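What follows is a single structure, written as structure tokens, with notes after it.
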There are 2 protein chains.
Amino acid sequence: MTTARPLRADAARNRRLLLAAAADEFAERGLDASVADIACRAGLGKGTLFRHFATKDDLLAAIVLDRIDALNAAGGQLLDAADPGAALLEFLILAADQQQQRDLSFLQEAGELNADAIRARERMFRVVHKLVDRARKHGAVRADVTGTDVILLMCAPNYVTSYASDAPPDLWRRYLAIIFDGLRPEGAHPLPHPPPAAP
Amino acid sequence: MTTARPLRADAARNRRLLLAAAADEFAERGLDASVADIACRAGLGKGTLFRHFATKDDLLAAIVLDRIDALNAAGGQLLDAADPGAALLEFLILAADQQQQRDLSFLQEAGELNADAIRARERMFRVVHKLVDRARKHGAVRADVTGTDVILLMCAPNYVTSYASDAPPDLWRRYLAIIFDGLRPEGAHPLPHPPPAAP
DNA sequence: CAATAAACGGACCGACCGGTCAACTTGCTA
DNA sequence: TAGCAAGTTGACCGGTCGGTCCGTTTATTG
């Protein structure tokens, strides 16, 4: 039982500052952003950062957890949408939008994450599986594509555009559309390799 | 004029050892592989590595240059193939196969590379553009897709599978097929974003 | 307001990195 | 085979990193 007594007012404020600074710094410089820079950006000392987050990975996990939970909530609502195909596409757009993908991609990197973050990720995987199943049954997605396929492909649009240095910020929409066309049943060719097992 | 006198026999052998060790190490651990580990893997001292390659980036560029040149040669031949659509697909398969993609992805990362490597990359870009143009004129690729699109998407299949830790080594074939289906004219939906300028 | 626990901050630590260098070894050649 | 340039090596350097620690500051509360 973690009967945590509430944070002192300044501590709560600083925690928010740190999370915001870390989100910005990670977005700009990737996983290599240094904790010193993050603390400095928040106008705080490095020691303060480590008082709130025992390790750099914990800080990352805290950020990612928020994003994932928000995405899961949106995905849950999309499960009731009228058009299952449009709902899946909308979910993928939400996931890629505002560089959320950039954080999601951290999530995919193996198990060095907070247990909470891992649980949130698995919740998200379940949501994606449900969205894909619905879309497949509705004929909006080809029969030979699985939820795991979509999970893996989810981060590709942002990854792809990250290499076009002078690209407009929402170029990912173009590649999400191309990949999504590849998921549709119309004009689908047989796949040369079986799908991976669900994670 | 670089009238380089030939390397001493042992030096030439060590150079090959270093290139092989570096290729393995970069493939396993990515760009973060340390020069010390590479030298150790080659059974040599760190100083020897720096005698052959002035900087870590030069070493990387030397590896990448070989791969790119091989790919360019294959791509050049595919320009004469009977079926332009199959030729483009074959080129993408070659590019992704045997983790070549892993090295190509380094290439995409901005201009911190050897001038030679940059030239080789640009040569590859031209080859891809030609392959795509041929395929498009032949109706094997949708009209609204450009060579630059394909260059950006080229690395996606391997990237995508790199996050499925227990995946079979050629799972990328599955996602290359899905993405390639997205490039076909059949069942293509309008793209929501214009293509980026050619690099 | 005084007492106290919570929070803060930055000097400090050990590990690791890319890269240098001078002493040492070795293949080539005359 | 002698001499020497070419090649090798690992200790070493400056810098950065994640993380620790303790003297100091501050919000809270009786």
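In the structure tokens, chains take the letters A, B, ... in the order shown, each chain's residues start at 1, and ligands count up from 1 in the order shown.
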Quiz item: Contacts of range 7-12 of chain C at 12 Å or less, counting only C-alpha atoms (C1' of nucleotides), minus same-chain residues fewer than 3 places along, as a ChimeraX atom specification?
Solution: /A:7-15,36,39-40,43-52 /D:19-28
Please provide chain A as a short mmCIF file (atom, residue, chain, number, x, y, z; two decimals) with C-alpha atoms, in the first residue's frame, once it has been superposed on chain B by least squares across all sequentially paired Cα atoms.
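Final file, part-v4.cif:
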data_model
loop_
_atom_site.label_atom_id
_atom_site.label_comp_id
_atom_site.auth_asym_id
_atom_site.auth_seq_id
_atom_site.Cartn_x
_atom_site.Cartn_y
_atom_site.Cartn_z
CA MET A 1 45.84 13.67 -55.92
CA THR A 2 46.01 10.86 -53.44
CA THR A 3 48.83 8.79 -54.92
CA ALA A 4 48.46 6.30 -52.07
CA ARG A 5 51.20 3.72 -52.05
CA PRO A 6 49.76 0.26 -51.41
CA LEU A 7 49.08 -0.78 -47.84
CA ARG A 8 51.48 -3.11 -46.13
CA ALA A 9 50.19 -6.70 -46.18
CA ASP A 10 49.31 -6.84 -42.48
CA ALA A 11 47.70 -3.42 -42.61
CA ALA A 12 45.43 -4.47 -45.46
CA ARG A 13 44.43 -7.59 -43.58
CA ASN A 14 43.71 -5.63 -40.42
CA ARG A 15 41.63 -3.13 -42.34
CA ARG A 16 39.42 -5.95 -43.57
CA LEU A 17 39.19 -7.36 -40.05
CA LEU A 18 38.13 -3.98 -38.72
CA LEU A 19 35.47 -3.50 -41.37
CA ALA A 20 34.03 -6.95 -40.73
CA ALA A 21 34.06 -6.49 -36.96
CA ALA A 22 32.48 -3.06 -37.25
CA ALA A 23 29.74 -4.34 -39.53
CA ASP A 24 28.89 -7.07 -37.04
CA GLU A 25 29.03 -4.78 -34.06
CA PHE A 26 26.92 -2.05 -35.65
CA ALA A 27 24.39 -4.63 -36.75
CA GLU A 28 24.11 -6.02 -33.23
CA ARG A 29 24.23 -2.87 -31.16
CA GLY A 30 23.37 -0.05 -33.52
CA LEU A 31 25.16 3.24 -33.80
CA ASP A 32 26.04 3.12 -30.11
CA ALA A 33 28.55 0.31 -30.59
CA SER A 34 31.82 1.58 -29.15
CA VAL A 35 35.04 1.76 -31.12
CA ALA A 36 36.81 -0.07 -28.31
CA ASP A 37 34.46 -3.04 -28.69
CA ILE A 38 34.88 -3.02 -32.45
CA ALA A 39 38.67 -3.02 -32.20
CA CYS A 40 38.56 -5.75 -29.57
CA ARG A 41 36.26 -7.87 -31.74
CA ALA A 42 38.77 -7.53 -34.55
CA GLY A 43 41.53 -8.61 -32.15
CA LEU A 44 43.30 -5.27 -32.54
CA GLY A 45 44.05 -2.19 -30.48
CA LYS A 46 41.93 0.92 -30.54
CA GLY A 47 44.84 2.94 -31.90
CA THR A 48 45.00 0.71 -34.95
CA LEU A 49 41.37 1.39 -35.69
CA PHE A 50 41.97 5.12 -35.64
CA ARG A 51 44.99 4.73 -37.88
CA HIS A 52 42.73 3.27 -40.56
CA PHE A 53 39.65 5.43 -39.96
CA ALA A 54 40.22 8.93 -38.67
CA THR A 55 36.88 8.98 -36.91
CA LYS A 56 34.05 6.67 -35.94
CA ASP A 57 31.89 8.27 -38.60
CA ASP A 58 34.49 7.54 -41.26
CA LEU A 59 34.42 3.88 -40.29
CA LEU A 60 30.65 3.84 -40.53
CA ALA A 61 30.77 5.59 -43.88
CA ALA A 62 33.27 3.04 -45.22
CA ILE A 63 30.91 0.20 -44.36
CA VAL A 64 27.87 1.90 -45.72
CA LEU A 65 29.63 2.86 -48.92
CA ASP A 66 30.18 -0.79 -49.85
CA ARG A 67 26.56 -1.73 -49.26
CA ILE A 68 25.24 1.26 -51.16
CA ASP A 69 27.47 0.63 -54.13
CA ALA A 70 26.38 -2.99 -54.30
CA LEU A 71 22.77 -1.91 -54.14
CA ASN A 72 23.32 0.69 -56.84
CA ALA A 73 24.83 -1.92 -59.11
CA ALA A 74 21.87 -4.24 -58.62
CA GLY A 75 19.46 -1.37 -59.12
CA GLY A 76 21.15 -0.38 -62.36
CA GLN A 77 20.62 -3.86 -63.76
CA LEU A 78 16.99 -3.90 -62.64
CA LEU A 79 16.40 -0.83 -64.78
CA ASP A 80 16.54 -3.13 -67.80
CA ALA A 81 14.23 -5.78 -66.37
CA ALA A 82 11.17 -6.78 -68.38
CA ASP A 83 8.58 -6.08 -65.66
CA PRO A 84 9.14 -2.60 -64.15
CA GLY A 85 6.83 -3.24 -61.22
CA ALA A 86 8.55 -6.49 -60.28
CA ALA A 87 11.89 -4.76 -60.73
CA LEU A 88 11.03 -2.08 -58.19
CA LEU A 89 9.77 -4.66 -55.73
CA GLU A 90 12.90 -6.72 -56.24
CA PHE A 91 15.05 -3.67 -55.55
CA LEU A 92 13.20 -2.98 -52.31
CA ILE A 93 13.62 -6.61 -51.30
CA LEU A 94 17.34 -6.45 -51.99
CA ALA A 95 17.58 -3.24 -49.99
CA ALA A 96 15.83 -4.71 -47.00
CA ASP A 97 17.42 -8.13 -47.15
CA GLN A 98 20.25 -9.23 -44.89
CA GLN A 99 19.76 -6.20 -42.70
CA GLN A 100 21.21 -3.93 -45.30
CA GLN A 101 18.41 -1.63 -44.36
CA ARG A 102 19.93 -1.32 -40.94
CA ASP A 103 22.89 0.37 -42.54
CA LEU A 104 20.85 2.35 -45.01
CA SER A 105 18.95 3.90 -42.18
CA PHE A 106 22.21 5.34 -40.90
CA LEU A 107 22.63 6.89 -44.31
CA GLN A 108 19.40 8.76 -44.08
CA GLU A 109 20.52 10.50 -40.93
CA ALA A 110 21.45 13.87 -42.31
CA GLY A 111 24.76 15.02 -43.66
CA GLU A 112 27.28 14.03 -41.02
CA LEU A 113 28.66 11.52 -43.45
CA ASN A 114 31.69 11.14 -45.61
CA ALA A 115 31.46 13.05 -48.89
CA ASP A 116 31.89 9.74 -50.74
CA ALA A 117 28.99 8.19 -48.87
CA ILE A 118 26.80 11.18 -49.64
CA ARG A 119 27.57 10.86 -53.32
CA ALA A 120 26.77 7.15 -53.23
CA ARG A 121 23.51 7.91 -51.48
CA GLU A 122 22.58 10.43 -54.15
CA ARG A 123 23.39 7.89 -56.82
CA MET A 124 21.04 5.49 -55.08
CA PHE A 125 18.34 8.14 -54.94
CA ARG A 126 18.62 8.59 -58.68
CA VAL A 127 18.32 4.84 -59.23
CA VAL A 128 15.20 4.68 -57.10
CA HIS A 129 13.67 7.60 -58.93
CA LYS A 130 14.26 5.88 -62.26
CA LEU A 131 12.84 2.58 -61.02
CA VAL A 132 9.75 4.31 -59.69
CA ASP A 133 9.25 6.36 -62.84
CA ARG A 134 9.41 3.26 -64.97
CA ALA A 135 7.02 1.39 -62.69
CA ARG A 136 4.58 4.31 -62.67
CA LYS A 137 4.57 4.64 -66.43
CA HIS A 138 3.93 0.93 -66.62
CA GLY A 139 0.94 1.23 -64.32
CA ALA A 140 2.55 -0.88 -61.60
CA VAL A 141 2.66 2.01 -59.15
CA ARG A 142 -0.01 4.60 -58.45
CA ALA A 143 0.26 7.91 -60.28
CA ASP A 144 0.49 10.09 -57.18
CA VAL A 145 3.57 8.42 -55.72
CA THR A 146 7.07 9.77 -56.32
CA GLY A 147 10.58 8.37 -56.09
CA THR A 148 11.11 10.38 -52.92
CA ASP A 149 8.11 8.67 -51.37
CA VAL A 150 9.64 5.29 -52.05
CA ILE A 151 13.02 6.39 -50.72
CA LEU A 152 11.41 7.40 -47.47
CA LEU A 153 9.30 4.26 -47.23
CA MET A 154 12.21 2.01 -48.16
CA CYS A 155 13.48 1.56 -44.61
CA ALA A 156 10.10 1.20 -42.97
CA PRO A 157 9.75 -2.61 -43.18
CA ASN A 158 12.91 -3.30 -41.22
CA TYR A 159 12.22 -0.47 -38.81
CA VAL A 160 8.79 -1.81 -38.11
CA THR A 161 9.97 -5.32 -37.36
CA SER A 162 12.87 -4.14 -35.21
CA TYR A 163 10.35 -3.58 -32.44
CA ALA A 164 9.05 -7.13 -32.41
CA SER A 165 11.90 -8.54 -30.39
CA ASP A 166 11.06 -12.20 -30.92
CA ALA A 167 10.20 -11.82 -34.58
CA PRO A 168 11.59 -14.15 -37.25
CA PRO A 169 14.40 -12.46 -39.16
CA ASP A 170 12.51 -12.04 -42.42
CA LEU A 171 9.25 -10.75 -41.01
CA TRP A 172 10.07 -7.52 -42.85
CA ARG A 173 8.91 -9.26 -46.03
CA ARG A 174 5.36 -9.15 -44.72
CA TYR A 175 5.40 -5.39 -44.15
CA LEU A 176 7.23 -4.64 -47.35
CA ALA A 177 4.42 -6.48 -49.14
CA ILE A 178 1.74 -4.48 -47.29
CA ILE A 179 3.45 -1.18 -48.01
CA PHE A 180 4.03 -2.15 -51.62
CA ASP A 181 0.33 -2.93 -51.93
CA GLY A 182 -0.24 0.61 -50.73
CA LEU A 183 1.89 1.84 -53.61
CA ARG A 184 -0.13 0.00 -56.23
CA PRO A 185 -2.78 1.78 -58.29
CA GLU A 186 -5.57 -0.69 -57.52
CA GLY A 187 -7.78 0.61 -54.75
CA ALA A 188 -5.67 3.71 -54.19
CA HIS A 189 -7.34 6.54 -52.30
CA PRO A 190 -6.34 10.21 -52.79
CA LEU A 191 -3.42 11.26 -50.62
CA PRO A 192 -4.06 13.99 -48.04
CA HIS A 193 -0.66 15.66 -48.36
CA PRO A 194 1.54 16.64 -51.33
CA PRO A 195 4.81 14.79 -51.84
CA PRO A 196 8.02 16.27 -50.41
CA ALA A 197 10.56 17.86 -52.76
CA ALA A 198 13.20 15.51 -54.11
CA PRO A 199 16.31 15.58 -51.91
#
List as CSV every residue of chain C that is in contact with chain B, defined as an atom at most 8 Å from one of its atoms (using only C-alpha atoms (C1' of nucleotides)), together with the nearest atom pair and the distance in Å rounded to one decimal, sorted by chain and then rising number.
residue,atom,partner,partner_atom,distance
C:DC17,C1',B:Ser34,CA,7.5
C:DG18,C1',B:Val35,CA,7.7
C:DG19,C1',B:Thr55,CA,7.9
C:DG27,C1',B:Arg8,CA,7.0
Test item, helix (DSSP H, G or I) assignment across range 26-153 of chain B, answer as a PDB file with C-alpha atoms, in the first residue's frame:
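Saved result, part_25.pdb, follows:
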ATOM      1  CA  PHE B  26      26.868  -1.806 -35.699  1.00  0.00           C
ATOM      2  CA  ALA B  27      24.287  -4.363 -36.788  1.00  0.00           C
ATOM      3  CA  GLU B  28      23.931  -5.705 -33.248  1.00  0.00           C
ATOM      4  CA  ARG B  29      24.088  -2.521 -31.215  1.00  0.00           C
ATOM      5  CA  GLY B  30      23.322   0.265 -33.638  1.00  0.00           C
ATOM      6  CA  LEU B  31      25.175   3.526 -33.932  1.00  0.00           C
ATOM      7  CA  ASP B  32      26.031   3.452 -30.232  1.00  0.00           C
ATOM      8  CA  VAL B  35      35.005   1.917 -31.120  1.00  0.00           C
ATOM      9  CA  ALA B  36      36.698   0.081 -28.266  1.00  0.00           C
ATOM     10  CA  ASP B  37      34.306  -2.849 -28.636  1.00  0.00           C
ATOM     11  CA  ILE B  38      34.766  -2.888 -32.385  1.00  0.00           C
ATOM     12  CA  ALA B  39      38.549  -2.954 -32.099  1.00  0.00           C
ATOM     13  CA  CYS B  40      38.346  -5.655 -29.418  1.00  0.00           C
ATOM     14  CA  ARG B  41      36.046  -7.751 -31.605  1.00  0.00           C
ATOM     15  CA  LYS B  46      41.850   0.916 -30.410  1.00  0.00           C
ATOM     16  CA  GLY B  47      44.777   2.880 -31.776  1.00  0.00           C
ATOM     17  CA  THR B  48      44.934   0.629 -34.823  1.00  0.00           C
ATOM     18  CA  LEU B  49      41.338   1.391 -35.623  1.00  0.00           C
ATOM     19  CA  PHE B  50      42.029   5.109 -35.598  1.00  0.00           C
ATOM     20  CA  ARG B  51      45.055   4.650 -37.818  1.00  0.00           C
ATOM     21  CA  HIS B  52      42.808   3.161 -40.490  1.00  0.00           C
ATOM     22  CA  LYS B  56      34.165   6.772 -36.023  1.00  0.00           C
ATOM     23  CA  ASP B  57      32.025   8.362 -38.718  1.00  0.00           C
ATOM     24  CA  ASP B  58      34.628   7.567 -41.352  1.00  0.00           C
ATOM     25  CA  LEU B  59      34.483   3.929 -40.334  1.00  0.00           C
ATOM     26  CA  LEU B  60      30.715   3.940 -40.613  1.00  0.00           C
ATOM     27  CA  ALA B  61      30.892   5.652 -43.987  1.00  0.00           C
ATOM     28  CA  ALA B  62      33.363   3.050 -45.277  1.00  0.00           C
ATOM     29  CA  ILE B  63      30.952   0.249 -44.395  1.00  0.00           C
ATOM     30  CA  VAL B  64      27.924   1.961 -45.801  1.00  0.00           C
ATOM     31  CA  LEU B  65      29.689   2.900 -49.007  1.00  0.00           C
ATOM     32  CA  ASP B  66      30.222  -0.743 -49.945  1.00  0.00           C
ATOM     33  CA  ARG B  67      26.603  -1.662 -49.376  1.00  0.00           C
ATOM     34  CA  ILE B  68      25.263   1.319 -51.246  1.00  0.00           C
ATOM     35  CA  ASP B  69      27.481   0.722 -54.222  1.00  0.00           C
ATOM     36  CA  ALA B  70      26.384  -2.913 -54.412  1.00  0.00           C
ATOM     37  CA  LEU B  71      22.773  -1.831 -54.239  1.00  0.00           C
ATOM     38  CA  ASN B  72      23.304   0.783 -56.913  1.00  0.00           C
ATOM     39  CA  ALA B  73      24.797  -1.815 -59.230  1.00  0.00           C
ATOM     40  CA  ALA B  74      21.843  -4.147 -58.738  1.00  0.00           C
ATOM     41  CA  GLY B  75      19.422  -1.264 -59.201  1.00  0.00           C
ATOM     42  CA  GLY B  76      21.102  -0.257 -62.429  1.00  0.00           C
ATOM     43  CA  GLN B  77      20.586  -3.723 -63.869  1.00  0.00           C
ATOM     44  CA  LEU B  78      16.944  -3.796 -62.738  1.00  0.00           C
ATOM     45  CA  PRO B  84       9.084  -2.521 -64.178  1.00  0.00           C
ATOM     46  CA  GLY B  85       6.773  -3.219 -61.243  1.00  0.00           C
ATOM     47  CA  ALA B  86       8.533  -6.448 -60.338  1.00  0.00           C
ATOM     48  CA  ALA B  87      11.868  -4.702 -60.796  1.00  0.00           C
ATOM     49  CA  LEU B  88      11.014  -2.039 -58.231  1.00  0.00           C
ATOM     50  CA  LEU B  89       9.782  -4.660 -55.781  1.00  0.00           C
ATOM     51  CA  GLU B  90      12.914  -6.690 -56.325  1.00  0.00           C
ATOM     52  CA  PHE B  91      15.055  -3.641 -55.629  1.00  0.00           C
ATOM     53  CA  LEU B  92      13.214  -2.977 -52.375  1.00  0.00           C
ATOM     54  CA  ILE B  93      13.672  -6.613 -51.379  1.00  0.00           C
ATOM     55  CA  LEU B  94      17.380  -6.425 -52.097  1.00  0.00           C
ATOM     56  CA  ALA B  95      17.626  -3.231 -50.086  1.00  0.00           C
ATOM     57  CA  ALA B  96      15.892  -4.723 -47.086  1.00  0.00           C
ATOM     58  CA  ASP B  97      17.517  -8.140 -47.249  1.00  0.00           C
ATOM     59  CA  GLN B  98      20.377  -9.178 -45.009  1.00  0.00           C
ATOM     60  CA  GLN B  99      19.898  -6.160 -42.804  1.00  0.00           C
ATOM     61  CA  GLN B 100      21.277  -3.845 -45.435  1.00  0.00           C
ATOM     62  CA  GLN B 101      18.472  -1.591 -44.460  1.00  0.00           C
ATOM     63  CA  ARG B 102      19.990  -1.260 -41.045  1.00  0.00           C
ATOM     64  CA  ASP B 103      22.950   0.439 -42.645  1.00  0.00           C
ATOM     65  CA  LEU B 104      20.902   2.424 -45.101  1.00  0.00           C
ATOM     66  CA  SER B 105      19.006   3.957 -42.267  1.00  0.00           C
ATOM     67  CA  PHE B 106      22.250   5.447 -40.995  1.00  0.00           C
ATOM     68  CA  LEU B 107      22.688   6.956 -44.402  1.00  0.00           C
ATOM     69  CA  GLN B 108      19.444   8.822 -44.188  1.00  0.00           C
ATOM     70  CA  ALA B 115      31.503  13.095 -49.020  1.00  0.00           C
ATOM     71  CA  ASP B 116      31.906   9.787 -50.866  1.00  0.00           C
ATOM     72  CA  ALA B 117      29.020   8.248 -48.970  1.00  0.00           C
ATOM     73  CA  ILE B 118      26.818  11.228 -49.702  1.00  0.00           C
ATOM     74  CA  ARG B 119      27.553  10.936 -53.408  1.00  0.00           C
ATOM     75  CA  ALA B 120      26.745   7.216 -53.315  1.00  0.00           C
ATOM     76  CA  ARG B 121      23.504   7.971 -51.540  1.00  0.00           C
ATOM     77  CA  GLU B 122      22.540  10.496 -54.180  1.00  0.00           C
ATOM     78  CA  ARG B 123      23.348   7.981 -56.870  1.00  0.00           C
ATOM     79  CA  MET B 124      20.993   5.558 -55.112  1.00  0.00           C
ATOM     80  CA  PHE B 125      18.287   8.191 -54.947  1.00  0.00           C
ATOM     81  CA  ARG B 126      18.540   8.670 -58.688  1.00  0.00           C
ATOM     82  CA  VAL B 127      18.252   4.927 -59.272  1.00  0.00           C
ATOM     83  CA  VAL B 128      15.136   4.727 -57.113  1.00  0.00           C
ATOM     84  CA  HIS B 129      13.589   7.656 -58.914  1.00  0.00           C
ATOM     85  CA  LYS B 130      14.164   5.973 -62.256  1.00  0.00           C
ATOM     86  CA  LEU B 131      12.774   2.649 -61.034  1.00  0.00           C
ATOM     87  CA  VAL B 132       9.679   4.364 -59.674  1.00  0.00           C
ATOM     88  CA  ASP B 133       9.148   6.430 -62.794  1.00  0.00           C
ATOM     89  CA  ARG B 134       9.308   3.327 -64.948  1.00  0.00           C
ATOM     90  CA  ALA B 135       6.932   1.440 -62.671  1.00  0.00           C
ATOM     91  CA  ARG B 136       4.487   4.346 -62.604  1.00  0.00           C
ATOM     92  CA  LYS B 137       4.451   4.729 -66.375  1.00  0.00           C
ATOM     93  CA  GLY B 147      10.490   8.382 -56.037  1.00  0.00           C
ATOM     94  CA  THR B 148      11.039  10.362 -52.857  1.00  0.00           C
ATOM     95  CA  ASP B 149       8.069   8.622 -51.283  1.00  0.00           C
ATOM     96  CA  VAL B 150       9.614   5.263 -52.016  1.00  0.00           C
ATOM     97  CA  ILE B 151      13.002   6.367 -50.704  1.00  0.00           C
ATOM     98  CA  LEU B 152      11.407   7.342 -47.419  1.00  0.00           C
ATOM     99  CA  LEU B 153       9.319   4.186 -47.191  1.00  0.00           C
TER     100      LEU B 153
END
Could you make a table, as a tab-separated table, of the residues of chain D that have an atom within 9 Å of an atom of chain B, each with its nearest atom pair and distance in Å to one decimal, counting only C-alpha atoms (C1' of nucleotides), in chain and number order?
residue	atom	partner	partner_atom	distance
D:DA6	C1'	B:Arg8	CA	7.5
D:DG7	C1'	B:Ala11	CA	6.9
D:DT8	C1'	B:Thr48	CA	6.1
D:DT9	C1'	B:Gly45	CA	5.8
D:DG10	C1'	B:Gly45	CA	7.2
Preceding selection exported with N, CA and C atoms (P, O5', C5', C4', C3', O3' and C1' of nucleotides) as a PDB file, in the first residue's frame:
ATOM      1  P    DA D   6      56.517   5.267 -44.710  1.00  0.00           P
ATOM      2  O5'  DA D   6      55.645   4.055 -44.142  1.00  0.00           O
ATOM      3  C5'  DA D   6      55.797   2.763 -44.733  1.00  0.00           C
ATOM      4  C4'  DA D   6      55.077   1.760 -43.876  1.00  0.00           C
ATOM      5  C3'  DA D   6      53.693   2.205 -43.419  1.00  0.00           C
ATOM      6  O3'  DA D   6      52.779   1.181 -43.725  1.00  0.00           O
ATOM      7  C1'  DA D   6      54.989   1.493 -41.549  1.00  0.00           C
ATOM      8  P    DG D   7      51.284   1.264 -43.307  1.00  0.00           P
ATOM      9  O5'  DG D   7      51.328   0.541 -41.890  1.00  0.00           O
ATOM     10  C5'  DG D   7      51.742  -0.818 -41.821  1.00  0.00           C
ATOM     11  C4'  DG D   7      51.669  -1.287 -40.397  1.00  0.00           C
ATOM     12  C3'  DG D   7      50.318  -1.057 -39.707  1.00  0.00           C
ATOM     13  O3'  DG D   7      49.873  -2.299 -39.217  1.00  0.00           O
ATOM     14  C1'  DG D   7      52.111  -0.356 -38.325  1.00  0.00           C
ATOM     15  P    DT D   8      48.499  -2.408 -38.419  1.00  0.00           P
ATOM     16  O5'  DT D   8      48.963  -2.426 -36.904  1.00  0.00           O
ATOM     17  C5'  DT D   8      49.817  -3.475 -36.444  1.00  0.00           C
ATOM     18  C4'  DT D   8      50.115  -3.287 -34.975  1.00  0.00           C
ATOM     19  C3'  DT D   8      48.886  -3.136 -34.074  1.00  0.00           C
ATOM     20  O3'  DT D   8      48.925  -4.167 -33.114  1.00  0.00           O
ATOM     21  C1'  DT D   8      50.531  -1.493 -33.572  1.00  0.00           C
ATOM     22  P    DT D   9      47.581  -4.506 -32.309  1.00  0.00           P
ATOM     23  O5'  DT D   9      47.886  -3.761 -30.959  1.00  0.00           O
ATOM     24  C5'  DT D   9      49.124  -4.036 -30.283  1.00  0.00           C
ATOM     25  C4'  DT D   9      49.325  -3.033 -29.183  1.00  0.00           C
ATOM     26  C3'  DT D   9      48.058  -2.737 -28.365  1.00  0.00           C
ATOM     27  O3'  DT D   9      48.230  -3.268 -27.075  1.00  0.00           O
ATOM     28  C1'  DT D   9      49.302  -0.753 -28.889  1.00  0.00           C
ATOM     29  P    DG D  10      46.992  -3.865 -26.292  1.00  0.00           P
ATOM     30  O5'  DG D  10      47.061  -3.034 -24.941  1.00  0.00           O
ATOM     31  C5'  DG D  10      48.323  -2.761 -24.350  1.00  0.00           C
ATOM     32  C4'  DG D  10      48.293  -1.392 -23.687  1.00  0.00           C
ATOM     33  C3'  DG D  10      47.041  -1.102 -22.851  1.00  0.00           C
ATOM     34  O3'  DG D  10      47.424  -0.246 -21.789  1.00  0.00           O
ATOM     35  C1'  DG D  10      47.222   0.516 -24.488  1.00  0.00           C
TER      36       DG D  10
END
Within 12 Å of DC4 in chain D, counting only C-alpha atoms (C1' of nucleotides), which residues qualify if same-chain residues fewer than 3 places away don't, as a PDB file with N, CA and C atoms (P, O5', C5', C4', C3', O3' and C1' of nucleotides), in the first residue's frame?
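Contents of part.pdb, freshly written:
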ATOM      1  P    DT C  26      56.465  -8.443 -33.106  1.00  0.00           P
ATOM      2  O5'  DT C  26      56.371  -7.981 -34.629  1.00  0.00           O
ATOM      3  C5'  DT C  26      55.223  -7.248 -35.041  1.00  0.00           C
ATOM      4  C4'  DT C  26      55.363  -6.895 -36.504  1.00  0.00           C
ATOM      5  C3'  DT C  26      56.066  -7.948 -37.356  1.00  0.00           C
ATOM      6  O3'  DT C  26      55.434  -7.975 -38.605  1.00  0.00           O
ATOM      7  C1'  DT C  26      57.176  -5.922 -37.603  1.00  0.00           C
ATOM      8  P    DG C  27      55.206  -9.388 -39.367  1.00  0.00           P
ATOM      9  O5'  DG C  27      55.207  -8.940 -40.895  1.00  0.00           O
ATOM     10  C5'  DG C  27      54.190  -8.073 -41.337  1.00  0.00           C
ATOM     11  C4'  DG C  27      54.755  -7.090 -42.355  1.00  0.00           C
ATOM     12  C3'  DG C  27      55.296  -7.738 -43.629  1.00  0.00           C
ATOM     13  O3'  DG C  27      54.820  -6.960 -44.719  1.00  0.00           O
ATOM     14  C1'  DG C  27      56.973  -6.374 -42.649  1.00  0.00           C
ATOM     15  P    DC C  28      55.001  -7.497 -46.222  1.00  0.00           P
ATOM     16  O5'  DC C  28      56.196  -6.588 -46.765  1.00  0.00           O
ATOM     17  C5'  DC C  28      55.958  -5.191 -46.928  1.00  0.00           C
ATOM     18  C4'  DC C  28      57.276  -4.481 -47.122  1.00  0.00           C
ATOM     19  C3'  DC C  28      58.043  -4.871 -48.397  1.00  0.00           C
ATOM     20  O3'  DC C  28      58.180  -3.696 -49.162  1.00  0.00           O
ATOM     21  C1'  DC C  28      59.487  -4.750 -46.511  1.00  0.00           C
ATOM     22  P    DT C  29      58.563  -3.860 -50.768  1.00  0.00           P
ATOM     23  O5'  DT C  29      60.106  -3.468 -50.781  1.00  0.00           O
ATOM     24  C5'  DT C  29      60.540  -2.281 -50.113  1.00  0.00           C
ATOM     25  C4'  DT C  29      62.054  -2.265 -50.007  1.00  0.00           C
ATOM     26  C3'  DT C  29      62.787  -2.854 -51.214  1.00  0.00           C
ATOM     27  O3'  DT C  29      63.969  -2.114 -51.421  1.00  0.00           O
ATOM     28  C1'  DT C  29      63.524  -3.915 -49.290  1.00  0.00           C
ATOM     29  P    DA C  30      64.184  -1.268 -52.736  1.00  0.00           P
ATOM     30  O5'  DA C  30      65.572  -0.560 -52.404  1.00  0.00           O
ATOM     31  C5'  DA C  30      65.885  -0.275 -51.021  1.00  0.00           C
ATOM     32  C4'  DA C  30      67.333  -0.646 -50.722  1.00  0.00           C
ATOM     33  C3'  DA C  30      68.232  -0.875 -51.926  1.00  0.00           C
ATOM     34  O3'  DA C  30      69.536  -0.387 -51.650  1.00  0.00           O
ATOM     35  C1'  DA C  30      68.192  -2.830 -50.619  1.00  0.00           C
TER      36       DA C  30
END
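Rounded to one decimal, C1' of DC1 in chain C and C1' of DT29 in chain D lie 11.1 Å from each other.
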